[in-house]
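*Asks:* Dropping a structure here in structure tokens format, bear with me for questions.
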Amino acid sequence: MNKPLRRIAIFCGLLVLALLIRDNWLQYVMADELRTDTANRRVNIERYATPRGDIIVDGNPITGYVKSKTGDYEYKRTYKDGAMWAPVTGYASQAFGANQLEKIDDGILTGNDDRLFFRNTLDMITGKKKQGGNVVTTLNGAAQKAAFEGLGDKKGAVAAIDPKTGAILALASTPSYDPSTFAGNSTSTDAKAWNKLQKKNNPDDPMLNRALRETYPPGSTFKVVTAAAALENGLVPDADTDTDSPDPWIMPGTTTKLPNEGDLPCKNATLRVALKVSCNTVFGKVGADLGNDKMLEQAKKFGFGTEQFTPIRSSASVFSDDMNTSQTALSSIGQYNTAATPLQMAMVASAVANDGILMKPYMVSELSTQDLDVIEQTDPEELSQPLSKENAQVLQSMMETVIKPGGTGTKAAIQGVTVGGKTGTAQHGVDNSEKPYAWFISYAKLADNSSPVAVAVVVEDGSADRGDISGGGLAAPIARSVMKAVIDSKK
């Protein structure tokens, strides 16, 4: 072979080698990425070629499917009471993708998860059509309904937890949306419904999961964390010893008095009295005396500063690490930079109710096949121990006085049930010009001393006057109805 032909042959050989390398790269190295690329239309055609599995509550599906009337996507997702369950399910849309449980467990619901390989192979042999698996939640249907209906047309959120396990029992957010309205791929109906829900077109932002993703100033509900810090650090020996708390109290380094809401018996009040009537001066001074580092350490033990994965991600709640003494005082009564999700404050109440042990919150109990064979199961997991059993029981006794006559949370009382709670009024807006957020956190204890539920409620835009909000007029009744629904469902 002459020299020019040899060069051409070598060049062609290199081209063939490059082609083989590229072909193997695409088929083996890039296969998974290309297979799941959302730009690959075949991915969505396959996703909607079979009925999706269901998301289950109380043994019953809260999702379903119908055949699409047009297009090459064969099946479309439907939802039962979609607006009520949207903070749990999220959406699965042919046009706009998926989020929350619908996205996190998409592989199980579509049947494409590798753990369903044996089931899919068996179905292929027997000629049975591929089916998606199910996502079984920990949610309590009665509690969710009580939370959603309790919020009504008010803007806000509710989170409820089983203190013993961390299982989420209710997760409501209002205003909400029905994912069925844009589950298809129609530009005239689904796209129109989607656009109406976007924040730029709807300032109320109904697609925001307020229970998990919105952080609010927690107001006086944070005093439970401050009380725990006082007990755990030995600043106060017990609930009934007088504190060194002048009234009025001038915040260190300033000439500003920290005011109480009304004429309250706060001067040198015990922790029990201070929590019962919600003394800013007492808990502000406790935070100032402990200092930023110790308050931050206590907040972190309750979960502040860390995202929670339920498996839906919950935003991290905030307690700052670089505050001066006066800023620490304000943060210790739930103002200044302190901010918390409703889930976080439900975790605070849960840890107190569970004798100081905080369980990791979760909302999926198991993943299963359509034949109910368990693929994966969630076991309860301890997250931390924010306070000792002894101090937790002291704090329980304090929170229970809040519900009794003379306390600020009497509207959460349930006959025959021991309830502990804490109201909160969180100021916001420039110079506190906006109506305050109404907060309430609580737990219920039965006759055998077990605690089946802890709840946090926040109402953003209260229509009542300030006195009603700080007295538990808005949030406490909602918490009561959620707790009662959980208790009644166990009878």
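Order determines the names: the first chain of the structure tokens is A, the second B, and so forth; residues in each chain are numbered 1 upward, and ligands are numbered 1 upward as they are shown.
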Restrict the calculation to only C-alpha atoms, then for each residue of segment 150-224 of chain A with any atom at most 12 Å from an atom of segment 384-404 of chain A give the closest atom pair and their distance in Å to one decimal, rows by chain and rising residue number, as JSON lines.

*Replies:*
```
{"residue": "A:Gly166", "atom": "CA", "partner": "A:Ser384", "partner_atom": "CA", "distance": 11.7}
{"residue": "A:Thr221", "atom": "CA", "partner": "A:Met399", "partner_atom": "CA", "distance": 10.5}
{"residue": "A:Lys223", "atom": "CA", "partner": "A:Met399", "partner_atom": "CA", "distance": 10.5}
{"residue": "A:Val224", "atom": "CA", "partner": "A:Leu395", "partner_atom": "CA", "distance": 7.8}
```

*Asks:* Run DSSP on the backbone and tell me which residues of segment 138-333 of chain A come out as strand (DSSP E); list them as a ChimeraX atom specification.

*Replies:* /A:156-161,168-174,249-250,257-258,308-309,313-314

*Asks:* Assign secondary structure with DSSP using the backbone only, and return the residues of segment 121-245 of chain A in helix (DSSP H, G or I) as a count of residues only.

*Replies:* 43

*Asks:* Give me the residues near Thr174 of chain A as a short mmCIF file (atom, residue, chain, number, x, y, z; two decimals) with C-alpha atoms, in the first residue's frame, where near means some atom within 10 Å (using only C-alpha atoms) and where sequence neighbours in that chain fewer than 4 positions away do not count.

*Replies:*
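Result file is around14.cif:
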```cif
data_model
loop_
_atom_site.label_atom_id
_atom_site.label_comp_id
_atom_site.auth_asym_id
_atom_site.auth_seq_id
_atom_site.Cartn_x
_atom_site.Cartn_y
_atom_site.Cartn_z
CA ALA A 83 -56.93 21.64 47.27
CA MET A 84 -57.00 20.05 50.72
CA ALA A 86 -52.05 19.69 47.60
CA PRO A 87 -49.43 20.47 50.33
CA ALA A 147 -57.05 21.79 59.59
CA PHE A 148 -58.11 22.76 56.06
CA GLU A 149 -61.67 23.69 57.02
CA LEU A 151 -58.23 27.75 58.08
CA GLY A 152 -61.09 28.32 55.64
CA ASP A 153 -60.59 31.48 53.59
CA LYS A 154 -57.83 32.72 55.90
CA LYS A 155 -54.22 32.66 54.78
CA GLY A 156 -52.13 30.34 56.93
CA ALA A 157 -50.95 26.82 57.65
CA VAL A 158 -51.24 23.88 60.05
CA ASP A 204 -51.70 35.21 47.54
CA ASP A 205 -49.38 32.59 46.00
CA PRO A 206 -51.66 29.54 46.42
CA MET A 207 -48.92 27.16 45.22
CA LEU A 208 -46.68 28.07 48.17
CA ASN A 209 -46.57 25.27 50.75
CA ARG A 210 -46.79 27.50 53.81
CA ALA A 211 -46.58 24.61 56.27
CA VAL A 459 -52.84 32.57 60.53
CA GLU A 460 -51.25 35.34 58.47
#
```

*Asks:* When you count only C-alpha atoms, which of these residues is closest to Asn44 of chain A: A:Asn337, A:Gln94, A:Ser314, A:Gln144?

*Replies:*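 Nearest candidate to Asn44 of chain A out of A:Asn337, A:Gln94, A:Ser314, A:Gln144: A:Gln94.
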
*Asks:* Identify, on the basis of only C-alpha atoms, every residue whose closest approach to Gly141 of chain A does not exceed 12 Å; exclude the query and any residue fewer than 2 positions from it along the same chain; express the result as a compact mmCIF listing (two decimals) with C-alpha atoms, in the first residue's frame.

*Replies:*
```txt
# COMPACT_ATOMS: atom_id res chain seq x y z
CA ILE A 56 -52.78 6.70 50.09
CA VAL A 57 -54.34 8.21 53.24
CA ASP A 58 -56.10 6.06 55.85
CA GLY A 59 -55.95 3.11 53.46
CA ASN A 60 -57.76 4.97 50.67
CA PRO A 61 -56.38 6.69 47.55
CA ILE A 62 -56.54 10.47 47.36
CA LYS A 80 -59.78 13.80 45.35
CA ASP A 81 -60.18 16.96 47.45
CA MET A 84 -57.00 20.05 50.72
CA TRP A 85 -54.23 17.57 49.91
CA VAL A 88 -48.93 16.69 50.62
CA THR A 137 -48.69 8.32 53.89
CA THR A 138 -48.88 8.85 57.65
CA LEU A 139 -51.59 11.50 57.24
CA ALA A 143 -57.15 15.84 61.10
CA GLN A 144 -56.32 17.15 57.62
CA LYS A 145 -59.98 18.04 57.02
CA ALA A 146 -60.20 19.80 60.39
CA ALA A 147 -57.05 21.79 59.59
CA PHE A 148 -58.11 22.76 56.06
CA ALA A 160 -49.59 18.22 63.19
CA ILE A 168 -46.98 13.87 60.22
CA LEU A 169 -50.74 13.71 60.75
CA ALA A 170 -51.85 16.93 59.05
CA LEU A 171 -50.23 19.41 56.71
CA ALA A 172 -52.55 22.15 55.47
CA VAL A 482 -57.20 19.11 64.75
CA ALA A 485 -60.01 14.86 65.22
CA VAL A 486 -56.88 12.79 65.94
CA ASP A 488 -61.63 10.80 68.02
CA SER A 489 -60.09 8.78 65.16
```

*Asks:* If you count only C-alpha atoms, which residues fall within 8 Å of Thr281 of chain A, apart from same-chain ones fewer than 4 positions away, as an MDAnalysis selection string?

*Replies:* chainID A and resid 245:249 258:260 266 285

*Asks:* Could the residues in this selection be written to a file with N, CA and C atoms, as a compact mmCIF listing (two decimals), in the first residue's frame?

*Replies:*
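Result written to out26.txt:
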```
# COMPACT_ATOMS: atom_id res chain seq x y z
N SER A 245 -36.77 39.73 87.27
CA SER A 245 -37.28 40.33 86.04
C SER A 245 -38.03 41.63 86.35
N PRO A 246 -37.34 42.73 86.31
CA PRO A 246 -38.03 44.01 86.56
C PRO A 246 -39.04 44.33 85.46
N ASP A 247 -40.03 45.08 85.84
CA ASP A 247 -41.02 45.55 84.87
C ASP A 247 -41.36 47.00 85.22
N PRO A 248 -40.95 47.95 84.41
CA PRO A 248 -40.39 47.81 83.06
C PRO A 248 -38.93 47.35 83.07
N TRP A 249 -38.54 46.71 81.97
CA TRP A 249 -37.16 46.26 81.79
C TRP A 249 -36.59 46.94 80.56
N LEU A 258 -38.73 47.07 76.97
CA LEU A 258 -39.40 45.96 76.29
C LEU A 258 -40.81 45.86 76.87
N PRO A 259 -41.83 46.17 76.08
CA PRO A 259 -43.19 46.23 76.64
C PRO A 259 -43.85 44.87 76.74
N ASN A 260 -44.75 44.74 77.71
CA ASN A 260 -45.66 43.61 77.78
C ASN A 260 -46.98 44.01 77.13
N CYS A 266 -46.07 40.67 85.59
CA CYS A 266 -44.80 40.17 85.06
C CYS A 266 -43.58 40.50 85.92
N LYS A 285 -35.51 38.94 79.12
CA LYS A 285 -34.36 39.00 80.04
C LYS A 285 -33.69 37.63 80.17
```

*Asks:* Would you mind listing what lies within 9 Å of Arg213 of chain A as a ChimeraX atom specification, with only C-alpha atoms counted and same-chain residues fewer than 6 positions away left out?

*Replies:* /A:313-316,341-342

*Asks:* Using only all heavy atoms, please write the residues we just selected to a file, as a PDB file, in the first residue's frame.

*Replies:*
```
ATOM      1  N   ARG A 313     -38.972  18.660  51.196  1.00  0.00           N
ATOM      2  CA  ARG A 313     -38.047  19.528  51.924  1.00  0.00           C
ATOM      3  C   ARG A 313     -38.796  20.637  52.651  1.00  0.00           C
ATOM      4  O   ARG A 313     -39.680  21.274  52.100  1.00  0.00           O
ATOM      5  CB  ARG A 313     -37.026  20.149  50.963  1.00  0.00           C
ATOM      6  CG  ARG A 313     -36.006  21.058  51.654  1.00  0.00           C
ATOM      7  CD  ARG A 313     -35.051  21.659  50.638  1.00  0.00           C
ATOM      8  NE  ARG A 313     -35.729  22.546  49.715  1.00  0.00           N
ATOM      9  CZ  ARG A 313     -36.020  23.830  49.975  1.00  0.00           C
ATOM     10  NH1 ARG A 313     -35.707  24.353  51.152  1.00  0.00           N
ATOM     11  NH2 ARG A 313     -36.624  24.561  49.066  1.00  0.00           N
ATOM     12  N   SER A 314     -38.424  20.839  53.899  1.00  0.00           N
ATOM     13  CA  SER A 314     -38.949  21.953  54.681  1.00  0.00           C
ATOM     14  C   SER A 314     -37.828  22.953  54.904  1.00  0.00           C
ATOM     15  O   SER A 314     -36.700  22.575  55.241  1.00  0.00           O
ATOM     16  CB  SER A 314     -39.483  21.461  56.035  1.00  0.00           C
ATOM     17  OG  SER A 314     -39.950  22.537  56.818  1.00  0.00           O
ATOM     18  N   SER A 315     -38.113  24.232  54.714  1.00  0.00           N
ATOM     19  CA  SER A 315     -37.096  25.269  54.868  1.00  0.00           C
ATOM     20  C   SER A 315     -36.522  25.278  56.281  1.00  0.00           C
ATOM     21  O   SER A 315     -37.219  24.948  57.252  1.00  0.00           O
ATOM     22  CB  SER A 315     -37.695  26.647  54.559  1.00  0.00           C
ATOM     23  OG  SER A 315     -38.137  26.719  53.229  1.00  0.00           O
ATOM     24  N   ALA A 316     -35.265  25.652  56.390  1.00  0.00           N
ATOM     25  CA  ALA A 316     -34.626  25.748  57.699  1.00  0.00           C
ATOM     26  C   ALA A 316     -35.169  26.958  58.457  1.00  0.00           C
ATOM     27  O   ALA A 316     -35.294  28.051  57.896  1.00  0.00           O
ATOM     28  CB  ALA A 316     -33.120  25.858  57.552  1.00  0.00           C
ATOM     29  N   THR A 341     -40.859  27.743  60.419  1.00  0.00           N
ATOM     30  CA  THR A 341     -41.956  27.139  59.671  1.00  0.00           C
ATOM     31  C   THR A 341     -42.981  26.587  60.669  1.00  0.00           C
ATOM     32  O   THR A 341     -42.632  26.277  61.821  1.00  0.00           O
ATOM     33  CB  THR A 341     -41.466  25.975  58.800  1.00  0.00           C
ATOM     34  OG1 THR A 341     -40.929  24.950  59.653  1.00  0.00           O
ATOM     35  CG2 THR A 341     -40.412  26.438  57.812  1.00  0.00           C
ATOM     36  N   PRO A 342     -44.229  26.420  60.243  1.00  0.00           N
ATOM     37  CA  PRO A 342     -45.199  25.740  61.106  1.00  0.00           C
ATOM     38  C   PRO A 342     -44.741  24.330  61.507  1.00  0.00           C
ATOM     39  O   PRO A 342     -44.956  23.909  62.645  1.00  0.00           O
ATOM     40  CB  PRO A 342     -46.464  25.713  60.240  1.00  0.00           C
ATOM     41  CG  PRO A 342     -46.354  26.965  59.422  1.00  0.00           C
ATOM     42  CD  PRO A 342     -44.890  27.061  59.082  1.00  0.00           C
TER      43      PRO A 342
END
```

*Asks:* Skipping near chain neighbours, those fewer than 3 positions away, what residues fall within 12 Å of Val236 of chain A using only C-alpha atoms, listed as a PyMOL selection string?

*Replies:* chain A and resi 226-233+239-245+268-272+282-283+285-287+289-290+391+394

*Asks:* Interatomic distance between atom CA of Tyr443 of chain A and atom CA of Gln415 of chain A?

*Replies:*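 Atom CA of Tyr443 of chain A sits 14.0 Å away from atom CA of Gln415 of chain A.
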
*Asks:* Between segment 107-211 of chain A and segment 362-371 of chain A, at 12 Å or less, what are the per-residue closest atom pairs and their distances in Å? Count only C-alpha atoms, order by chain and rising residue number, and return it as JSON lines.

*Replies:*
```
{"residue": "A:Gly107", "atom": "CA", "partner": "A:Leu367", "partner_atom": "CA", "distance": 10.8}
{"residue": "A:Ile108", "atom": "CA", "partner": "A:Leu367", "partner_atom": "CA", "distance": 7.5}
{"residue": "A:Leu109", "atom": "CA", "partner": "A:Thr369", "partner_atom": "CA", "distance": 9.1}
{"residue": "A:Thr110", "atom": "CA", "partner": "A:Thr369", "partner_atom": "CA", "distance": 10.9}
{"residue": "A:Gly111", "atom": "CA", "partner": "A:Thr369", "partner_atom": "CA", "distance": 8.6}
{"residue": "A:Asn112", "atom": "CA", "partner": "A:Thr369", "partner_atom": "CA", "distance": 11.7}
{"residue": "A:Asp113", "atom": "CA", "partner": "A:Thr369", "partner_atom": "CA", "distance": 10.8}
{"residue": "A:Arg115", "atom": "CA", "partner": "A:Thr369", "partner_atom": "CA", "distance": 9.7}
{"residue": "A:Leu116", "atom": "CA", "partner": "A:Thr369", "partner_atom": "CA", "distance": 7.6}
{"residue": "A:Phe117", "atom": "CA", "partner": "A:Thr369", "partner_atom": "CA", "distance": 11.0}
{"residue": "A:Phe118", "atom": "CA", "partner": "A:Thr369", "partner_atom": "CA", "distance": 10.9}
{"residue": "A:Arg119", "atom": "CA", "partner": "A:Thr369", "partner_atom": "CA", "distance": 8.2}
{"residue": "A:Asn120", "atom": "CA", "partner": "A:Thr369", "partner_atom": "CA", "distance": 10.2}
{"residue": "A:Asp123", "atom": "CA", "partner": "A:Gln370", "partner_atom": "CA", "distance": 11.7}
{"residue": "A:Lys129", "atom": "CA", "partner": "A:Gln370", "partner_atom": "CA", "distance": 11.9}
{"residue": "A:Lys130", "atom": "CA", "partner": "A:Gln370", "partner_atom": "CA", "distance": 10.1}
{"residue": "A:Gln131", "atom": "CA", "partner": "A:Gln370", "partner_atom": "CA", "distance": 7.0}
{"residue": "A:Gly132", "atom": "CA", "partner": "A:Gln370", "partner_atom": "CA", "distance": 6.8}
{"residue": "A:Gly133", "atom": "CA", "partner": "A:Thr369", "partner_atom": "CA", "distance": 4.2}
{"residue": "A:Asn134", "atom": "CA", "partner": "A:Ser368", "partner_atom": "CA", "distance": 5.2}
{"residue": "A:Val135", "atom": "CA", "partner": "A:Leu367", "partner_atom": "CA", "distance": 4.9}
{"residue": "A:Val136", "atom": "CA", "partner": "A:Glu366", "partner_atom": "CA", "distance": 5.3}
{"residue": "A:Thr137", "atom": "CA", "partner": "A:Val364", "partner_atom": "CA", "distance": 4.2}
{"residue": "A:Thr138", "atom": "CA", "partner": "A:Met363", "partner_atom": "CA", "distance": 5.0}
{"residue": "A:Leu139", "atom": "CA", "partner": "A:Met363", "partner_atom": "CA", "distance": 6.6}
{"residue": "A:Asn140", "atom": "CA", "partner": "A:Met363", "partner_atom": "CA", "distance": 10.3}
{"residue": "A:Ala159", "atom": "CA", "partner": "A:Met363", "partner_atom": "CA", "distance": 11.2}
{"residue": "A:Ala160", "atom": "CA", "partner": "A:Met363", "partner_atom": "CA", "distance": 10.7}
{"residue": "A:Ile161", "atom": "CA", "partner": "A:Tyr362", "partner_atom": "CA", "distance": 8.9}
{"residue": "A:Asp162", "atom": "CA", "partner": "A:Tyr362", "partner_atom": "CA", "distance": 9.9}
{"residue": "A:Pro163", "atom": "CA", "partner": "A:Tyr362", "partner_atom": "CA", "distance": 11.4}
{"residue": "A:Thr165", "atom": "CA", "partner": "A:Tyr362", "partner_atom": "CA", "distance": 8.8}
{"residue": "A:Gly166", "atom": "CA", "partner": "A:Tyr362", "partner_atom": "CA", "distance": 6.1}
{"residue": "A:Ala167", "atom": "CA", "partner": "A:Tyr362", "partner_atom": "CA", "distance": 5.2}
{"residue": "A:Ile168", "atom": "CA", "partner": "A:Met363", "partner_atom": "CA", "distance": 5.1}
{"residue": "A:Leu169", "atom": "CA", "partner": "A:Met363", "partner_atom": "CA", "distance": 7.6}
{"residue": "A:Ala170", "atom": "CA", "partner": "A:Met363", "partner_atom": "CA", "distance": 9.1}
{"residue": "A:Leu171", "atom": "CA", "partner": "A:Met363", "partner_atom": "CA", "distance": 9.3}
```

*Asks:* What does the structure give for the distance between atom CA of Tyr177 of chain A and atom CA of Glu102 of chain A, in Å to one decimal?

*Replies:* 15.2 Å

*Asks:* Rank A:Leu358, A:Val417, A:Val277, A:Ala299 by their smallest atom-to-atom distance to Pro405 of chain A, using only C-alpha atoms, and report the top residue only.

*Replies:*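 Residue with the minimum atom-to-atom distance to Pro405 of chain A: A:Val277.
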
*Asks:* Between A:Lys301, A:Lys276, A:Lys196, A:Arg7, single out the one closest to Ile357 of chain A, counting only C-alpha atoms.

*Replies:*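 Going through A:Lys301, A:Lys276, A:Lys196, A:Arg7 one by one, the smallest distance to Ile357 of chain A is for A:Lys301.
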